[in-house]
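Chemist: One structure, as C-alpha cells, below. Some questions next.
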Amino acid sequence: MGFWVNFRFSPFAIMLAIEVRDLVKKYDTVTAVNGISLEVKPGEFFGFLGPNGAGKTTTIHILCTLLRPTSGIAKINGYDCATQALQVRNSIGLVFQETTLDRELTVYENLIFNCYLYNLKKSVSEARIEEILRISGLKERKHHSIMKLSGGMRRNLDIARGILHRPKLLFLDEPTIGLDPQARIHIWNFIDELRKQEDMTVFLTTHYMEEAEKCDRIGIIDRGQLIALGSPIQLKRIIQGDVVHLRTTRDPEVEQFIQKQFRLSTKRTPEGIFFEVPSGEAFVPVLFKTFGDQIQAININRPSLNDVFIHLTGRGF
C-alpha cells in the first residue's frame, strides 16, 4: 500500500537537500527500515510522520550519520552519509527530542561552546550569537543560567544552538513535545522567522498534526516502509467522504456490527471507532436508530491528517 504525489528521481534535477534511495537498515532478524526512497528539495519544509517503532528515528539517525545503513544510498546536500560523514555533519543542524544543553553553563556559554565546536572565528561567533539571541527572544537572558529558563526558553536555545553554524538543513525531532500551548506558539514563531532569514531546509518529526499541517510535504512511514508522500491537502484527499468518530458503551460489539451490517472498514483506537462514509449527515440517523443509548459521543468531520494517519497505519501515535 502506498500513496505518492509527483515523486520521481531525475538525473537533471538541482542538488537535493536530502536524497534517499532503497535505504535498508537491519538489526539481526529485524528490518527497521525497508527500502525507503525519497527526495527533499532545498528550502522545503518536510514532515516525517510514523507510529512509534515505525522506523523514523532509525532513518533520521542514518541521515545524521549516527547509524550506517545496511544497504541503499542516503545523501545530504550531495554528501554521502556513509562515506562523507564530516561534510554531512558540517552542513546540518540537529535538535534532539531531549535537550542537550549544559545545565552548568549560561545561555551565552552554551552558544559560544557550540561555536568552538564548529571552529568559528571569534568575531563571527559573537555576531551570530547576538543575532540569534535577538531572533530567539533570549537577548535579556544572555547571562542567565540554564536552570533559570522555562521549558520553552530552553527549547528555543536548543534550536538556536543548532543553527549557529548556518546549516543548510535543520533536523527537528519533536521540537515542542511536553511544552504548553503558549510555549509551542513561541517556538514556531522562532522557527518561522529562522526559515525566512536563513532559507534553510527543515526536516520535522512531530506527533502534533497541527504542526504537520505547516509542512510543504509529508512522508508517512510504517513498519519500515514509506507508505504515503504528498502535501497535507493531497494526503487528505486519500479519504473520500466524511470521517465518523464514534464512542459507545460496547465498542468491540458495535464495531463488529458496523463491519457486518454496513460492510464498512473500521479502525478502533482508545478514543473509539473510526470509519468513513460517503455522507455523514445521512448516516447519523441510521446510527442512532440502530444503537440508541449505547452511543456516548459521535463526531463527523471532513478528513484531517490524523484521520489519514489512522486510515493508512491502522493506529494512532
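Going through the C-alpha cells in order, the chains are called A, B, and so on, while each chain numbers its residues from 1 and the ligands are numbered from 1 in the order shown.
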Find the residues around range 299-310 of chain A up to 8 Å (only C-alpha atoms counted), leave out those fewer than 3 positions away in its own chain, and share them as a PyMOL selection string.

Modeler: chain A and resi 209+213+220+232+235-239+241-246+267+280+313-316

Chemist: Counting only C-alpha atoms, which residues of range 158-226 of chain A sit at most 9 Å from some atom of range 16-29 of chain A, and what is each one's closest atom pair with its distance in Å to one decimal, listed by chain and rising residue number, as a Markdown table?

Modeler:
| residue | atom | partner | partner_atom | distance |
| --- | --- | --- | --- | --- |
| A:Lys168 | CA | A:Ala17 | CA | 7.8 |
| A:Leu169 | CA | A:Ala17 | CA | 7.0 |
| A:Thr201 | CA | A:Ala17 | CA | 7.1 |
| A:Gly224 | CA | A:Val24 | CA | 8.6 |

Chemist: May I have the selected residues written with N, CA and C atoms, as a compact mmCIF listing (two decimals), in the first residue's frame?

Modeler:
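In the end it all went to selection_17.txt:
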# COMPACT_ATOMS: atom_id res chain seq x y z
N LYS A 168 22.61 24.17 6.14
CA LYS A 168 21.66 24.23 5.03
C LYS A 168 20.39 23.44 5.35
N LEU A 169 20.52 22.49 6.29
CA LEU A 169 19.42 21.59 6.62
C LEU A 169 19.31 21.46 8.13
N THR A 201 16.43 24.33 4.72
CA THR A 201 15.53 23.19 4.62
C THR A 201 15.27 22.67 6.03
N GLY A 224 8.68 0.31 8.72
CA GLY A 224 9.90 0.45 7.96
C GLY A 224 9.75 0.85 6.51

Chemist: Could you list, as a PDB file with all heavy atoms, in the first residue's frame, every residue within 12 Å of His144 in chain A, counting only C-alpha atoms and ignoring same-chain residues fewer than 6 positions away?

Modeler:
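Result file is around-v7.pdb:
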ATOM      1  N   ARG A 103      23.621  22.265  31.656  1.00  0.00           N
ATOM      2  CA  ARG A 103      22.883  22.980  32.705  1.00  0.00           C
ATOM      3  C   ARG A 103      23.787  23.825  33.602  1.00  0.00           C
ATOM      4  O   ARG A 103      23.302  24.700  34.327  1.00  0.00           O
ATOM      5  CB  ARG A 103      22.092  21.979  33.557  1.00  0.00           C
ATOM      6  CG  ARG A 103      20.966  21.301  32.796  1.00  0.00           C
ATOM      7  CD  ARG A 103      20.379  20.149  33.593  1.00  0.00           C
ATOM      8  NE  ARG A 103      19.276  19.536  32.857  1.00  0.00           N
ATOM      9  CZ  ARG A 103      18.001  19.812  33.071  1.00  0.00           C
ATOM     10  NH1 ARG A 103      17.664  20.687  33.992  1.00  0.00           N
ATOM     11  NH2 ARG A 103      17.050  19.219  32.376  1.00  0.00           N
ATOM     12  N   GLU A 104      25.084  23.536  33.592  1.00  0.00           N
ATOM     13  CA  GLU A 104      26.013  24.275  34.448  1.00  0.00           C
ATOM     14  C   GLU A 104      26.467  25.587  33.806  1.00  0.00           C
ATOM     15  O   GLU A 104      27.100  26.418  34.465  1.00  0.00           O
ATOM     16  CB  GLU A 104      27.251  23.410  34.753  1.00  0.00           C
ATOM     17  CG  GLU A 104      26.938  22.085  35.428  1.00  0.00           C
ATOM     18  CD  GLU A 104      26.231  22.266  36.764  1.00  0.00           C
ATOM     19  OE1 GLU A 104      26.637  23.160  37.534  1.00  0.00           O
ATOM     20  OE2 GLU A 104      25.256  21.518  37.021  1.00  0.00           O
ATOM     21  N   LEU A 105      26.142  25.760  32.525  1.00  0.00           N
ATOM     22  CA  LEU A 105      26.586  26.951  31.795  1.00  0.00           C
ATOM     23  C   LEU A 105      25.440  27.945  31.622  1.00  0.00           C
ATOM     24  O   LEU A 105      24.262  27.605  31.768  1.00  0.00           O
ATOM     25  CB  LEU A 105      27.134  26.560  30.425  1.00  0.00           C
ATOM     26  CG  LEU A 105      28.311  25.581  30.390  1.00  0.00           C
ATOM     27  CD1 LEU A 105      28.731  25.321  28.963  1.00  0.00           C
ATOM     28  CD2 LEU A 105      29.492  26.116  31.211  1.00  0.00           C
ATOM     29  N   THR A 106      25.798  29.178  31.269  1.00  0.00           N
ATOM     30  CA  THR A 106      24.793  30.195  30.954  1.00  0.00           C
ATOM     31  C   THR A 106      24.338  30.031  29.503  1.00  0.00           C
ATOM     32  O   THR A 106      24.884  29.216  28.743  1.00  0.00           O
ATOM     33  CB  THR A 106      25.374  31.603  31.130  1.00  0.00           C
ATOM     34  OG1 THR A 106      26.404  31.792  30.150  1.00  0.00           O
ATOM     35  CG2 THR A 106      25.922  31.804  32.526  1.00  0.00           C
ATOM     36  N   VAL A 107      23.352  30.838  29.124  1.00  0.00           N
ATOM     37  CA  VAL A 107      22.874  30.837  27.738  1.00  0.00           C
ATOM     38  C   VAL A 107      24.029  31.146  26.789  1.00  0.00           C
ATOM     39  O   VAL A 107      24.270  30.416  25.814  1.00  0.00           O
ATOM     40  CB  VAL A 107      21.740  31.879  27.560  1.00  0.00           C
ATOM     41  CG1 VAL A 107      21.424  32.085  26.082  1.00  0.00           C
ATOM     42  CG2 VAL A 107      20.501  31.452  28.325  1.00  0.00           C
ATOM     43  N   TYR A 108      24.749  32.222  27.081  1.00  0.00           N
ATOM     44  CA  TYR A 108      25.868  32.626  26.222  1.00  0.00           C
ATOM     45  C   TYR A 108      26.941  31.542  26.161  1.00  0.00           C
ATOM     46  O   TYR A 108      27.471  31.237  25.085  1.00  0.00           O
ATOM     47  CB  TYR A 108      26.479  33.931  26.735  1.00  0.00           C
ATOM     48  CG  TYR A 108      27.755  34.314  26.029  1.00  0.00           C
ATOM     49  CD1 TYR A 108      27.716  34.913  24.766  1.00  0.00           C
ATOM     50  CD2 TYR A 108      28.996  34.057  26.610  1.00  0.00           C
ATOM     51  CE1 TYR A 108      28.885  35.255  24.106  1.00  0.00           C
ATOM     52  CE2 TYR A 108      30.170  34.396  25.954  1.00  0.00           C
ATOM     53  CZ  TYR A 108      30.116  34.994  24.703  1.00  0.00           C
ATOM     54  OH  TYR A 108      31.272  35.318  24.043  1.00  0.00           O
ATOM     55  N   GLU A 109      27.282  30.964  27.295  1.00  0.00           N
ATOM     56  CA  GLU A 109      28.337  29.949  27.333  1.00  0.00           C
ATOM     57  C   GLU A 109      27.966  28.710  26.526  1.00  0.00           C
ATOM     58  O   GLU A 109      28.828  28.116  25.858  1.00  0.00           O
ATOM     59  CB  GLU A 109      28.636  29.574  28.790  1.00  0.00           C
ATOM     60  CG  GLU A 109      29.364  30.676  29.539  1.00  0.00           C
ATOM     61  CD  GLU A 109      29.383  30.457  31.045  1.00  0.00           C
ATOM     62  OE1 GLU A 109      28.583  29.619  31.545  1.00  0.00           O
ATOM     63  OE2 GLU A 109      30.180  31.129  31.723  1.00  0.00           O
ATOM     64  N   ASN A 110      26.689  28.325  26.547  1.00  0.00           N
ATOM     65  CA  ASN A 110      26.251  27.202  25.726  1.00  0.00           C
ATOM     66  C   ASN A 110      26.424  27.513  24.243  1.00  0.00           C
ATOM     67  O   ASN A 110      26.850  26.655  23.462  1.00  0.00           O
ATOM     68  CB  ASN A 110      24.782  26.873  26.016  1.00  0.00           C
ATOM     69  CG  ASN A 110      24.608  25.805  27.066  1.00  0.00           C
ATOM     70  OD1 ASN A 110      24.703  24.606  26.789  1.00  0.00           O
ATOM     71  ND2 ASN A 110      24.350  26.230  28.303  1.00  0.00           N
ATOM     72  N   LEU A 138      15.888  35.668  23.462  1.00  0.00           N
ATOM     73  CA  LEU A 138      16.687  35.344  24.650  1.00  0.00           C
ATOM     74  C   LEU A 138      17.740  36.407  24.973  1.00  0.00           C
ATOM     75  O   LEU A 138      18.600  36.180  25.822  1.00  0.00           O
ATOM     76  CB  LEU A 138      17.378  33.990  24.451  1.00  0.00           C
ATOM     77  CG  LEU A 138      16.462  32.755  24.425  1.00  0.00           C
ATOM     78  CD1 LEU A 138      17.244  31.524  23.983  1.00  0.00           C
ATOM     79  CD2 LEU A 138      15.821  32.523  25.780  1.00  0.00           C
ATOM     80  N   SER A 150      12.675  28.750  31.415  1.00  0.00           N
ATOM     81  CA  SER A 150      11.485  27.905  31.297  1.00  0.00           C
ATOM     82  C   SER A 150      11.730  26.833  30.237  1.00  0.00           C
ATOM     83  O   SER A 150      12.708  26.897  29.474  1.00  0.00           O
ATOM     84  CB  SER A 150      10.282  28.755  30.888  1.00  0.00           C
ATOM     85  OG  SER A 150      10.468  29.263  29.563  1.00  0.00           O
ATOM     86  N   MET A 153      11.899  28.372  26.767  1.00  0.00           N
ATOM     87  CA  MET A 153      13.155  29.100  26.531  1.00  0.00           C
ATOM     88  C   MET A 153      14.310  28.136  26.272  1.00  0.00           C
ATOM     89  O   MET A 153      15.164  28.385  25.415  1.00  0.00           O
ATOM     90  CB  MET A 153      13.489  29.993  27.737  1.00  0.00           C
ATOM     91  CG  MET A 153      12.569  31.187  27.888  1.00  0.00           C
ATOM     92  SD  MET A 153      12.969  32.139  29.369  1.00  0.00           S
ATOM     93  CE  MET A 153      11.724  33.435  29.268  1.00  0.00           C
ATOM     94  N   ARG A 154      14.344  27.040  27.001  1.00  0.00           N
ATOM     95  CA  ARG A 154      15.395  26.039  26.781  1.00  0.00           C
ATOM     96  C   ARG A 154      15.289  25.446  25.387  1.00  0.00           C
ATOM     97  O   ARG A 154      16.297  25.202  24.719  1.00  0.00           O
ATOM     98  CB  ARG A 154      15.298  24.924  27.835  1.00  0.00           C
ATOM     99  CG  ARG A 154      15.647  25.364  29.233  1.00  0.00           C
ATOM    100  CD  ARG A 154      15.580  24.188  30.203  1.00  0.00           C
ATOM    101  NE  ARG A 154      15.652  24.671  31.585  1.00  0.00           N
ATOM    102  CZ  ARG A 154      15.635  23.881  32.643  1.00  0.00           C
ATOM    103  NH1 ARG A 154      15.533  22.569  32.486  1.00  0.00           N
ATOM    104  NH2 ARG A 154      15.697  24.386  33.857  1.00  0.00           N
ATOM    105  N   LEU A 157      16.621  27.801  22.917  1.00  0.00           N
ATOM    106  CA  LEU A 157      18.083  27.795  22.960  1.00  0.00           C
ATOM    107  C   LEU A 157      18.643  26.560  22.261  1.00  0.00           C
ATOM    108  O   LEU A 157      19.668  26.641  21.571  1.00  0.00           O
ATOM    109  CB  LEU A 157      18.567  27.855  24.411  1.00  0.00           C
ATOM    110  CG  LEU A 157      20.083  27.944  24.624  1.00  0.00           C
ATOM    111  CD1 LEU A 157      20.665  29.152  23.888  1.00  0.00           C
ATOM    112  CD2 LEU A 157      20.417  28.018  26.107  1.00  0.00           C
TER     113      LEU A 157
END

Chemist: Once DSSP has gone over the backbone, tell me which residues of range 148-230 of chain A are in helix (DSSP H, G or I), as a ChimeraX atom specification.

Modeler: /A:148,151-162,181-198,209-212

Chemist: Taking the backbone alone, and naming residues the way the document does, which bits of range 59-291 of chain A are strand (DSSP E or B) by DSSP, as a PyMOL selection string?

Modeler: chain A and resi 71-76+79-80+92-95+106+145+169-173+201-205+217-222+225-230+242-248+266-269+272-277

Chemist: Mind dumping the selected residues with C-alpha atoms as an mmCIF file, in the first residue's frame?

Modeler:
data_model
loop_
_atom_site.group_PDB
_atom_site.id
_atom_site.type_symbol
_atom_site.label_atom_id
_atom_site.label_comp_id
_atom_site.auth_asym_id
_atom_site.auth_seq_id
_atom_site.Cartn_x
_atom_site.Cartn_y
_atom_site.Cartn_z
ATOM 1 C CA SER A 71 22.258 -1.035 2.106
ATOM 2 C CA GLY A 72 20.978 1.755 -0.109
ATOM 3 C CA ILE A 73 22.051 5.375 -0.563
ATOM 4 C CA ALA A 74 21.471 8.390 1.692
ATOM 5 C CA LYS A 75 22.844 11.810 0.717
ATOM 6 C CA ILE A 76 22.622 15.189 2.438
ATOM 7 C CA TYR A 79 27.332 14.296 0.524
ATOM 8 C CA ASP A 80 27.109 10.559 1.131
ATOM 9 C CA ILE A 92 23.228 20.053 9.094
ATOM 10 C CA GLY A 93 21.801 21.199 12.398
ATOM 11 C CA LEU A 94 20.209 18.656 14.707
ATOM 12 C CA VAL A 95 17.816 19.364 17.562
ATOM 13 C CA THR A 106 24.793 30.195 30.954
ATOM 14 C CA SER A 145 21.877 30.029 33.983
ATOM 15 C CA LEU A 169 19.420 21.586 6.619
ATOM 16 C CA LEU A 170 17.874 21.550 10.100
ATOM 17 C CA PHE A 171 16.532 18.344 11.674
ATOM 18 C CA LEU A 172 13.855 18.983 14.313
ATOM 19 C CA ASP A 173 12.905 15.890 16.318
ATOM 20 C CA THR A 201 15.528 23.186 4.618
ATOM 21 C CA VAL A 202 13.681 21.779 7.641
ATOM 22 C CA PHE A 203 13.062 18.077 8.307
ATOM 23 C CA LEU A 204 10.467 17.722 11.075
ATOM 24 C CA THR A 205 9.149 14.842 13.141
ATOM 25 C CA ARG A 217 5.097 17.854 2.043
ATOM 26 C CA ILE A 218 4.743 14.946 4.441
ATOM 27 C CA GLY A 219 6.070 11.403 4.306
ATOM 28 C CA ILE A 220 4.384 8.712 6.409
ATOM 29 C CA ILE A 221 6.424 5.678 7.424
ATOM 30 C CA ASP A 222 5.032 2.462 8.891
ATOM 31 C CA GLN A 225 8.287 1.436 4.656
ATOM 32 C CA LEU A 226 7.263 4.791 3.231
ATOM 33 C CA ILE A 227 3.515 4.342 2.660
ATOM 34 C CA ALA A 228 2.477 7.877 1.663
ATOM 35 C CA LEU A 229 4.070 11.069 0.368
ATOM 36 C CA GLY A 230 2.441 14.354 -0.595
ATOM 37 C CA ASP A 242 -16.734 12.064 5.781
ATOM 38 C CA VAL A 243 -14.961 10.540 8.763
ATOM 39 C CA VAL A 244 -17.116 9.338 11.673
ATOM 40 C CA HIS A 245 -15.614 9.121 15.169
ATOM 41 C CA LEU A 246 -17.884 7.014 17.370
ATOM 42 C CA ARG A 247 -17.581 6.109 21.054
ATOM 43 C CA THR A 248 -20.054 3.699 22.649
ATOM 44 C CA THR A 266 -13.345 0.411 10.601
ATOM 45 C CA LYS A 267 -10.385 1.273 12.823
ATOM 46 C CA ARG A 268 -10.586 1.111 16.613
ATOM 47 C CA THR A 269 -8.318 3.122 18.910
ATOM 48 C CA GLY A 272 -13.248 4.967 19.848
ATOM 49 C CA ILE A 273 -14.241 3.656 16.410
ATOM 50 C CA PHE A 274 -13.248 5.417 13.189
ATOM 51 C CA PHE A 275 -14.823 4.763 9.788
ATOM 52 C CA GLU A 276 -15.552 6.544 6.535
ATOM 53 C CA VAL A 277 -18.917 7.093 4.846
#

Chemist: Which of these, A:Lys142, A:Arg166, A:Lys121, A:Arg134, has the shortest distance to Arg89 in chain A once you count only C-alpha atoms?

Modeler: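 Of the candidates, the smallest distance to Arg89 in chain A is held by A:Arg166.
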
Chemist: Check the smallest atom-to-atom distance from each of A:Thr99, A:Thr70, A:Ser125, A:Thr57 to Leu111 in chain A using only C-alpha atoms, then report the winner.

Modeler: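 Using only C-alpha atoms, the shortest distance to Leu111 in chain A belongs to A:Ser125.
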
Chemist: So, counting only C-alpha atoms, which residue among A:Arg141, A:His165, A:His61, A:Arg155 is closest to Ile185 in chain A?

Modeler: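 Looking only at the distances to Ile185 in chain A, the closest residue turns out to be A:Arg155.
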
Chemist: Please produce, as a Markdown table, a per-residue contact table for range 60-150 of chain A versus range 193-198 of chain A (criterion: any atom at most 12 Å away, only C-alpha atoms considered), showing the nearest atom pair and its distance in Å to one decimal, sorted by chain then residue number.

Modeler:
| residue | atom | partner | partner_atom | distance |
| --- | --- | --- | --- | --- |
| A:Glu131 | CA | A:Leu194 | CA | 10.9 |
| A:Ile132 | CA | A:Leu194 | CA | 9.1 |
| A:Leu133 | CA | A:Leu194 | CA | 11.9 |
| A:Arg134 | CA | A:Glu193 | CA | 11.1 |
| A:Ile135 | CA | A:Glu193 | CA | 7.4 |
| A:Ser136 | CA | A:Glu193 | CA | 9.0 |
| A:Gly137 | CA | A:Glu193 | CA | 11.4 |

Chemist: Those same residues - C-alpha atoms - I'd like them written as a PDB file, in the first residue's frame.

Modeler:
ATOM      1  CA  GLU A 131      21.715  37.854  16.077  1.00  0.00           C
ATOM      2  CA  ILE A 132      20.335  34.531  17.275  1.00  0.00           C
ATOM      3  CA  LEU A 133      19.659  35.860  20.784  1.00  0.00           C
ATOM      4  CA  ARG A 134      17.574  38.633  19.242  1.00  0.00           C
ATOM      5  CA  ILE A 135      15.592  36.317  16.964  1.00  0.00           C
ATOM      6  CA  SER A 136      15.006  33.725  19.702  1.00  0.00           C
ATOM      7  CA  GLY A 137      13.855  36.270  22.278  1.00  0.00           C
TER       8      GLY A 137
END

Chemist: What gap, in Å, lies between CA of Glu126 in chain A and CA of Leu101 in chain A?

Modeler: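 Separation between CA of Glu126 in chain A and CA of Leu101 in chain A: 18.9 Å.
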
Chemist: Could you tell me how far CA of Ile14 in chain A sits from CA of Pro42 in chain A, in Å to one decimal place?

Modeler: 8.8 Å

Chemist: Pick from A:Thr58, A:Met15, A:Asp158, A:Met200: nearest to Ile36 in chain A, with only C-alpha atoms counted?

Modeler: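 Distance minimum relative to Ile36 in chain A lands on A:Thr58.
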
Chemist: Any idea what the distance is between CA of Ile298 in chain A and CA of Gln261 in chain A?

Modeler: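 Atom-to-atom, CA of Ile298 in chain A to CA of Gln261 in chain A, that is 18.8 Å.
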